[in-house]
>>> print(open('run_24.txt').read())   # compact mmCIF, C-alpha atoms
# COMPACT_ATOMS: atom_id res chain seq x y z
CA MET A 1 144.12 -20.26 -7.03
CA GLU A 2 140.82 -18.33 -7.02
CA GLU A 3 142.58 -15.26 -8.40
CA ASP A 4 144.08 -17.32 -11.27
CA LYS A 5 140.64 -18.70 -12.04
CA GLN A 6 139.15 -15.20 -12.26
CA VAL A 7 141.87 -14.10 -14.66
CA VAL A 8 141.25 -17.10 -16.94
CA ILE A 9 137.50 -16.51 -17.08
CA ALA A 10 137.88 -12.79 -17.79
CA MET A 11 140.31 -13.31 -20.65
CA ASP A 12 138.44 -16.26 -22.18
CA ASN A 13 135.35 -14.09 -22.60
CA ASN A 14 137.29 -11.35 -24.37
CA PRO A 15 139.02 -12.48 -27.61
CA ASP A 16 140.61 -9.05 -27.98
CA LYS A 17 142.70 -9.72 -24.86
CA LEU A 18 143.84 -13.23 -25.71
CA TYR A 19 147.54 -13.88 -26.16
CA TRP A 20 148.80 -15.72 -29.24
CA VAL A 21 151.84 -17.94 -28.79
CA VAL A 22 153.79 -19.07 -31.85
CA ILE A 23 156.30 -21.83 -31.15
CA GLY A 24 158.95 -22.21 -33.85
CA ALA A 25 161.12 -25.31 -34.05
CA SER A 26 163.22 -27.32 -36.48
CA ALA A 27 165.79 -30.10 -36.00
CA GLY A 28 165.63 -31.41 -32.43
CA GLY A 29 162.37 -29.60 -31.89
CA LEU A 30 160.28 -32.67 -31.12
CA GLU A 31 162.01 -33.33 -27.80
CA ALA A 32 161.68 -29.69 -26.78
CA LEU A 33 158.02 -29.54 -27.80
CA LYS A 34 157.22 -32.63 -25.73
CA GLU A 35 158.90 -31.19 -22.65
CA LEU A 36 157.09 -27.88 -23.07
CA LEU A 37 153.64 -29.32 -23.69
CA GLU A 38 153.91 -31.80 -20.80
CA VAL A 39 153.80 -28.94 -18.29
CA LEU A 40 151.95 -26.25 -20.27
CA ASN A 41 148.99 -25.26 -18.11
CA PRO A 42 145.65 -25.82 -19.94
CA LYS A 43 144.09 -23.06 -17.82
CA THR A 44 146.46 -20.45 -19.24
CA PRO A 45 144.21 -18.68 -21.77
CA ALA A 46 146.01 -18.35 -25.09
CA ILE A 47 146.07 -19.55 -28.68
CA TYR A 48 149.05 -21.81 -29.38
CA ILE A 49 150.45 -22.38 -32.88
CA ILE A 50 153.40 -24.66 -33.65
CA ALA A 51 155.52 -24.00 -36.73
CA GLN A 52 157.76 -27.07 -36.87
CA HIS A 53 159.88 -27.45 -40.01
CA LEU A 54 158.58 -30.57 -41.76
CA ASP A 55 159.28 -32.37 -45.01
CA PRO A 56 156.32 -31.59 -47.32
CA LYS A 57 156.89 -34.83 -49.24
CA HIS A 58 155.92 -37.00 -46.29
CA PRO A 59 152.87 -37.06 -44.01
CA THR A 60 153.57 -36.05 -40.44
CA ILE A 61 152.85 -37.95 -37.24
CA LEU A 62 153.70 -34.90 -35.11
CA LYS A 63 150.06 -34.50 -34.05
CA ASP A 64 149.92 -38.07 -32.75
CA LEU A 65 153.22 -37.70 -30.90
CA LEU A 66 152.25 -34.45 -29.19
CA GLU A 67 148.74 -35.63 -28.28
CA ARG A 68 150.32 -38.24 -26.02
CA VAL A 69 151.93 -35.61 -23.79
CA SER A 70 149.72 -32.52 -24.21
CA ASN A 71 147.15 -31.46 -21.63
CA MET A 72 145.23 -29.70 -24.42
CA PRO A 73 143.66 -30.82 -27.72
CA VAL A 74 146.07 -30.91 -30.67
CA GLU A 75 144.94 -30.11 -34.21
CA LEU A 76 146.73 -30.23 -37.56
CA VAL A 77 145.98 -27.11 -39.60
CA ASN A 78 145.47 -28.11 -43.24
CA LYS A 79 142.96 -25.39 -44.16
CA ASP A 80 142.13 -21.83 -43.11
CA MET A 81 140.55 -21.82 -39.68
CA GLN A 82 139.48 -19.73 -36.71
CA PRO A 83 141.54 -20.89 -33.72
CA VAL A 84 140.12 -21.18 -30.23
CA PRO A 85 141.95 -20.79 -26.90
CA ASN A 86 143.66 -23.67 -25.15
CA THR A 87 144.19 -25.77 -28.26
CA ILE A 88 147.54 -26.62 -29.86
CA TYR A 89 147.59 -25.96 -33.62
CA ILE A 90 150.29 -27.48 -35.85
CA ILE A 91 150.86 -26.03 -39.31
CA SER A 92 150.67 -28.90 -41.80
CA PRO A 93 153.63 -29.81 -44.04
CA GLY A 94 154.06 -27.91 -47.30
CA HIS A 95 152.25 -24.79 -46.11
CA ASN A 96 153.09 -21.36 -44.81
CA ALA A 97 150.74 -19.76 -42.32
CA GLN A 98 149.80 -16.17 -41.54
CA ILE A 99 147.43 -14.62 -39.03
CA LYS A 100 144.82 -12.43 -40.68
CA ARG A 101 141.61 -11.10 -39.13
CA GLY A 102 141.87 -13.54 -36.27
CA LYS A 103 142.27 -16.60 -38.50
CA ILE A 104 145.12 -18.93 -39.43
CA MET A 105 145.45 -18.53 -43.20
CA LEU A 106 147.44 -21.07 -45.24
CA THR A 107 149.32 -20.65 -48.51
CA PRO A 108 151.51 -23.18 -50.40
CA ALA A 109 155.11 -22.96 -49.23
CA ALA A 110 157.86 -22.00 -51.67
CA LEU A 111 160.13 -24.74 -52.97
CA ILE A 112 163.17 -23.05 -51.44
CA GLY A 113 163.47 -22.25 -47.75
CA PRO A 114 162.17 -23.70 -44.47
CA LYS A 115 158.58 -24.87 -44.38
CA PRO A 116 156.57 -23.54 -42.71
CA SER A 117 158.30 -20.15 -42.51
CA ILE A 118 158.53 -19.11 -38.87
CA ASN A 119 159.48 -15.58 -39.92
CA LEU A 120 156.38 -15.17 -42.07
CA LEU A 121 154.10 -16.41 -39.30
CA LEU A 122 155.69 -14.18 -36.64
CA ASN A 123 155.57 -11.10 -38.86
CA SER A 124 151.85 -11.56 -39.47
CA LEU A 125 151.23 -12.27 -35.78
CA ALA A 126 152.98 -9.04 -34.75
CA ASP A 127 150.89 -7.03 -37.21
CA GLU A 128 147.67 -8.70 -36.09
CA VAL A 129 147.84 -8.72 -32.27
CA ALA A 130 150.84 -6.47 -31.44
CA GLU A 131 151.68 -6.65 -27.71
CA ARG A 132 149.55 -9.79 -27.27
CA SER A 133 152.03 -11.77 -29.38
CA ILE A 134 154.55 -14.21 -27.88
CA ALA A 135 157.33 -15.88 -29.85
CA VAL A 136 159.01 -19.05 -28.61
CA ILE A 137 162.04 -20.32 -30.55
CA LEU A 138 163.14 -23.88 -29.83
CA SER A 139 165.89 -26.17 -31.11
CA GLY A 140 166.73 -25.96 -34.79
CA THR A 141 169.37 -25.39 -37.45
CA GLY A 142 169.52 -22.23 -39.53
CA SER A 143 168.17 -18.83 -38.56
CA ASP A 144 164.43 -18.98 -39.29
CA GLY A 145 162.57 -16.92 -36.71
CA ALA A 146 165.30 -14.32 -36.13
CA GLN A 147 163.73 -11.76 -38.44
CA GLY A 148 160.29 -12.53 -37.06
CA VAL A 149 161.27 -11.89 -33.44
CA ALA A 150 162.31 -8.39 -34.50
CA SER A 151 158.73 -7.75 -35.60
CA ILE A 152 157.39 -9.16 -32.34
CA LYS A 153 159.72 -6.88 -30.38
CA ALA A 154 158.74 -3.84 -32.45
CA ASN A 155 155.13 -4.44 -31.41
CA ALA A 156 155.94 -4.92 -27.70
CA GLY A 157 155.49 -8.69 -27.73
CA LEU A 158 157.42 -11.21 -25.64
CA ILE A 159 160.27 -13.36 -26.97
CA ILE A 160 161.53 -16.53 -25.25
CA VAL A 161 164.12 -18.93 -26.66
CA GLN A 162 165.42 -22.32 -25.58
CA ASP A 163 168.77 -22.35 -23.81
CA ASN A 164 171.92 -23.88 -25.30
CA GLU A 165 172.16 -26.51 -22.57
CA THR A 166 168.88 -28.20 -23.56
CA ALA A 167 168.64 -27.37 -27.28
CA LYS A 168 169.81 -30.28 -29.43
CA TYR A 169 170.63 -27.77 -32.17
CA ALA A 170 171.21 -24.22 -30.95
CA SER A 171 171.52 -22.38 -34.24
CA MET A 172 167.93 -21.09 -34.37
CA PRO A 173 167.81 -19.99 -30.70
CA ASN A 174 171.24 -18.35 -31.00
CA SER A 175 170.24 -16.50 -34.18
CA ALA A 176 167.28 -15.06 -32.29
CA ILE A 177 169.49 -14.12 -29.32
CA GLU A 178 171.95 -12.35 -31.62
CA THR A 179 169.23 -9.90 -32.66
CA GLY A 180 169.34 -8.43 -29.15
CA PHE A 181 165.55 -8.66 -28.84
CA VAL A 182 165.15 -11.82 -26.75
CA ASP A 183 163.62 -11.38 -23.29
CA LEU A 184 164.23 -14.77 -21.72
CA VAL A 185 166.43 -17.81 -22.36
CA LEU A 186 165.06 -20.92 -20.63
CA PRO A 187 164.72 -24.71 -20.87
CA PRO A 188 161.38 -25.90 -22.33
CA GLN A 189 159.68 -26.71 -19.03
CA LYS A 190 160.58 -23.29 -17.62
CA ILE A 191 159.25 -21.69 -20.81
CA ALA A 192 155.86 -23.26 -20.11
CA GLU A 193 155.89 -21.89 -16.55
CA GLU A 194 156.91 -18.44 -17.79
CA LEU A 195 154.05 -18.36 -20.30
CA LYS A 196 151.54 -18.91 -17.52
CA SER A 197 153.11 -16.28 -15.28
CA PHE A 198 153.44 -13.66 -18.00
CA ILE A 199 149.97 -14.06 -19.48
CA GLN A 200 148.17 -14.02 -16.15
CA SER A 201 150.02 -11.00 -14.79
CA SER A 202 150.28 -8.69 -17.80
CA GLY A 203 146.59 -7.86 -18.06
CA LYS A 204 146.46 -6.77 -14.43
CA LEU A 205 149.61 -4.68 -14.86
CA LEU A 206 148.17 -2.45 -17.57
CA THR A 207 145.14 -1.77 -15.38
CA HIS A 208 147.34 -0.79 -12.42
CA LEU A 209 149.55 1.46 -14.57
CA SER A 210 146.52 3.40 -15.80
CA MET A 211 145.48 4.38 -12.27
CA PRO A 212 146.06 8.01 -11.20
CA ARG A 213 148.21 7.03 -8.21
CA SER A 214 150.77 5.60 -10.63
CA SER A 215 151.63 9.05 -12.00
CA THR A 216 154.17 9.86 -9.26
CA ASN A 217 156.04 6.61 -9.80
CA LEU A 218 155.97 7.18 -13.56
CA GLN A 219 157.66 10.53 -13.04
CA LYS A 220 160.32 8.83 -10.93
CA LEU A 221 160.76 6.27 -13.69
CA PHE A 222 161.16 8.98 -16.33
CA LYS A 223 163.72 10.77 -14.18
CA CYS A 224 165.67 7.56 -13.70
CA LEU A 225 165.77 7.02 -17.46
CA LEU A 226 166.81 10.62 -18.03
CA ASP A 227 169.62 10.42 -15.49
CA GLU A 228 170.95 7.11 -16.85
CA THR A 229 170.46 7.59 -20.60
CA GLY A 230 170.04 11.31 -21.22
CA TYR A 231 166.67 10.70 -22.90
CA ASP A 232 163.44 12.25 -21.65
CA PHE A 233 160.45 9.97 -22.23
CA SER A 234 157.92 12.05 -20.30
CA GLY A 235 156.50 13.46 -23.53
CA TYR A 236 156.06 10.07 -25.21
CA LYS A 237 152.60 8.65 -25.86
CA LEU A 238 151.55 7.43 -22.42
CA LYS A 239 149.75 4.24 -23.48
CA THR A 240 152.77 3.11 -25.49
CA VAL A 241 155.09 3.75 -22.55
CA GLN A 242 152.73 1.93 -20.19
CA ARG A 243 152.64 -1.14 -22.44
CA ARG A 244 156.45 -1.26 -22.57
CA ILE A 245 156.72 -0.88 -18.79
CA ALA A 246 154.03 -3.54 -18.20
CA ARG A 247 155.96 -5.95 -20.40
CA ARG A 248 159.19 -5.46 -18.46
CA MET A 249 157.34 -5.81 -15.15
CA ALA A 250 155.70 -9.04 -16.32
CA VAL A 251 159.08 -10.44 -17.32
CA HIS A 252 160.32 -9.79 -13.77
CA LYS A 253 157.02 -10.91 -12.18
CA ILE A 254 156.64 -7.49 -10.54
CA LEU A 255 153.05 -6.37 -9.94
CA VAL A 256 153.58 -2.94 -8.35
CA LEU A 257 155.09 -0.03 -10.29
CA GLU A 258 156.82 1.29 -7.18
CA ASP A 259 158.74 -2.00 -6.92
CA TYR A 260 159.75 -1.77 -10.55
CA VAL A 261 161.01 1.79 -10.05
CA SER A 262 163.11 0.48 -7.17
CA LEU A 263 164.53 -2.17 -9.48
CA LEU A 264 165.43 0.48 -12.05
CA MET A 265 167.20 2.57 -9.44
CA SER A 266 169.33 -0.40 -8.41
CA SER A 267 169.97 -1.99 -11.81
CA SER A 268 171.63 -0.21 -14.71
CA MET A 269 171.04 -3.34 -16.79
CA GLU A 270 167.27 -3.09 -16.35
CA VAL A 271 167.40 0.61 -17.23
CA GLU A 272 169.17 -0.39 -20.45
CA ASN A 273 166.58 -3.10 -21.15
CA LEU A 274 163.66 -0.71 -20.67
CA PHE A 275 165.46 1.90 -22.75
CA LYS A 276 165.83 -0.60 -25.61
CA ASP A 277 162.16 -1.50 -25.35
CA LEU A 278 161.14 2.14 -25.59
CA LEU A 279 163.46 2.85 -28.52
CA ILE A 280 163.18 -0.30 -30.59
CA SER A 281 165.68 -0.32 -33.44
CA VAL A 282 163.47 -2.26 -35.82
CA THR A 283 162.16 -1.29 -39.22
CA ASP A 284 161.31 -2.60 -42.67
CA PHE A 285 161.06 -1.41 -46.25
CA PHE A 286 158.01 0.88 -46.66
CA ARG A 287 157.00 -0.14 -43.14
CA ASP A 288 154.41 2.62 -42.61
CA THR A 289 152.41 2.22 -45.81
CA GLU A 290 150.26 5.31 -45.34
CA ALA A 291 153.24 7.55 -44.60
CA PHE A 292 155.31 6.25 -47.51
CA ASN A 293 152.38 6.61 -49.92
CA ALA A 294 152.09 10.24 -48.90
CA LEU A 295 155.86 10.66 -49.20
CA GLY A 296 155.77 9.16 -52.70
CA LYS A 297 153.47 11.98 -53.84
CA VAL A 298 155.83 14.57 -52.38
CA VAL A 299 158.80 12.95 -54.13
CA TYR A 300 156.90 12.96 -57.42
CA GLU A 301 156.36 16.74 -57.21
CA LEU A 302 159.98 17.36 -56.18
CA VAL A 303 161.35 15.33 -59.06
CA LYS A 304 158.94 16.87 -61.54
CA ASN A 305 159.91 20.40 -60.53
CA HIS A 306 163.60 19.49 -60.55
CA ASN A 307 163.42 17.99 -64.04
CA ASP A 308 161.32 20.87 -65.38
CA ASN A 309 163.93 23.36 -64.22
CA ASP A 310 166.63 21.35 -66.03
CA ASN A 311 169.35 22.82 -63.82
CA ASP A 312 172.28 20.46 -63.30
CA ASN A 313 173.50 22.53 -60.36
CA ASP A 314 170.20 22.25 -58.51
CA GLN A 315 170.34 19.49 -55.87
CA ILE A 316 167.81 17.70 -53.72
CA ARG A 317 169.30 16.62 -50.42
CA ILE A 318 167.58 14.00 -48.31
CA TRP A 319 168.02 13.59 -44.57
CA VAL A 320 166.64 10.42 -42.99
CA ALA A 321 166.36 11.23 -39.29
CA GLY A 322 165.19 7.82 -38.06
CA CYS A 323 167.09 4.95 -39.63
CA ALA A 324 167.67 1.60 -37.91
CA ASN A 325 169.34 -0.60 -40.51
CA GLY A 326 168.97 1.56 -43.63
CA GLU A 327 165.57 0.35 -44.84
CA GLU A 328 164.07 3.86 -44.66
CA ALA A 329 166.89 5.39 -46.67
CA TYR A 330 166.65 2.71 -49.37
CA SER A 331 162.86 3.02 -49.46
CA ILE A 332 163.13 6.75 -50.11
CA GLN A 333 165.87 6.17 -52.69
CA TYR A 334 163.53 3.79 -54.48
CA TYR A 335 160.94 6.54 -54.88
CA PHE A 336 163.48 8.91 -56.40
CA LYS A 337 164.85 6.23 -58.72
CA ARG A 338 161.33 5.31 -59.75
CA ARG A 339 160.67 8.92 -60.70
CA ARG A 340 163.94 8.94 -62.65
CA LEU A 341 165.60 11.89 -61.02
CA HIS A 342 168.44 13.19 -63.22
>>> encode(input="run_24.txt", output="structure tokens")
Amino acid sequence: MEEDKQVVIAMDNNPDKLYWVVIGASAGGLEALKELLEVLNPKTPAIYIIAQHLDPKHPTILKDLLERVSNMPVELVNKDMQPVPNTIYIISPGHNAQIKRGKIMLTPAALIGPKPSINLLLNSLADEVAERSIAVILSGTGSDGAQGVASIKANAGLIIVQDNETAKYASMPNSAIETGFVDLVLPPQKIAEELKSFIQSSGKLLTHLSMPRSSTNLQKLFKCLLDETGYDFSGYKLKTVQRRIARRMAVHKILVLEDYVSLLMSSSMEVENLFKDLLISVTDFFRDTEAFNALGKVVYELVKNHNDNDNDNDQIRIWVAGCANGEEAYSIQYYFKRRRLH
């Protein structure tokens, strides 16, 4: 208990280490939210934001309903605000929300589509806090949140969805699961317990992994990955690898790297899971703005020289080495089309 208390105090005093938890829900979400909040530990330091699909034409009583079961204060977000830890924030009807510079920023929601957009909120969260982001997808129809969890995964965040047995409507959780990026599938009460366990252990894990004595076990881990997958990760950026390993260890509630290496050696499935975390197949159009801006200038010169030569037999061939779903290839094609290559 004393150890838990020390962790809470340390993280509360450092906003840069706080976790942000976005809980997305739609039809049937109220029951799941109640079950989750009833057991959510108020001493687990995090910022909690609920994006529950609501009818913008009617006022909501969701705040009143959740206040009855929550162990933490509940606030309805109807203007831009700076959130504080251990408070439940509900996005008000008719708005979309994004996380920018540590604040919840609201914009009017579009007429078409779910409101608030879970995808939009998760995408901004991933960009803002990276590996300190946690996505929870509860009961709901449709597929809102599925694209957002891909962004969370790309930034080494954690993704938990409600299981089919307890979800009144399983379409939203299943859409997230179908992405292949979900870490845990649990009933709402277990989700609350997992949030506490993950948040309190992950900070300690990164510290342990940075210690010199971890280097031998890291080499064993790299060898295990090489033997199982044929990929050598020993030359990858160490801090990135450590964050991915820490995330997998936190999911399994393992605190010692040596124990995690033992798990890898005995579980091909965990090797595959770590492998997927290290090579995340997620992308977006013009995802790396700085890189694509620089590429655009190169394309401009290529097209200009090609057109000046006016040689129909002269070709420009493009090879896209890293391409998850085709967004990179189409982004590059856009630049060439924009420059009117002929």
>>> residues_around(input="run_24.txt", residues="Ser175 (chain A)", least_positions_apart="2", cutoff="8 Å", atoms="only C-alpha atoms", output="list of chain:residue names")
A:Gly142, A:Ser143, A:Ala146, A:Ser171, A:Met172, A:Pro173, A:Ile177, A:Glu178, A:Thr179
>>> atom_distance(input="run_24.txt", atom1="CA of Ala192 (chain A)", atom2="CA of Glu35 (chain A)")
8.9 Å
>>> residues_around(input="run_24.txt", residues="Gln82 (chain A)", least_positions_apart="2", cutoff="7 Å", atoms="only C-alpha atoms", output="number ranges by chain")
A: 84, 102-104
>>> residues_around(input="run_24.txt", residues="Arg243 (chain A)", least_positions_apart="3", cutoff="10 Å", atoms="all atoms listed in the file", output="list in words")
Glu131, Asn155, Ala156, Gly157, Ser202, Leu205, Leu206, Leu209, Leu238, Lys239, Thr240, Ala246, Arg247, Arg248, Met249, Asp277 and Leu278 of chain A
>>> closest_residue(input="run_24.txt", among="A:Arg339, A:Ser197, A:Leu158, A:Ala109", to="Val182 (chain A)", atoms="all atoms listed in the file")
A:Leu158
>>> residues_around(input="run_24.txt", residues="Lys153 (chain A)", least_positions_apart="4", cutoff="10 Å", atoms="all atoms listed in the file", output="ChimeraX atom specification")
/A:126,130-131,133-135,148-149,157-159,180-183,276-277,280-282
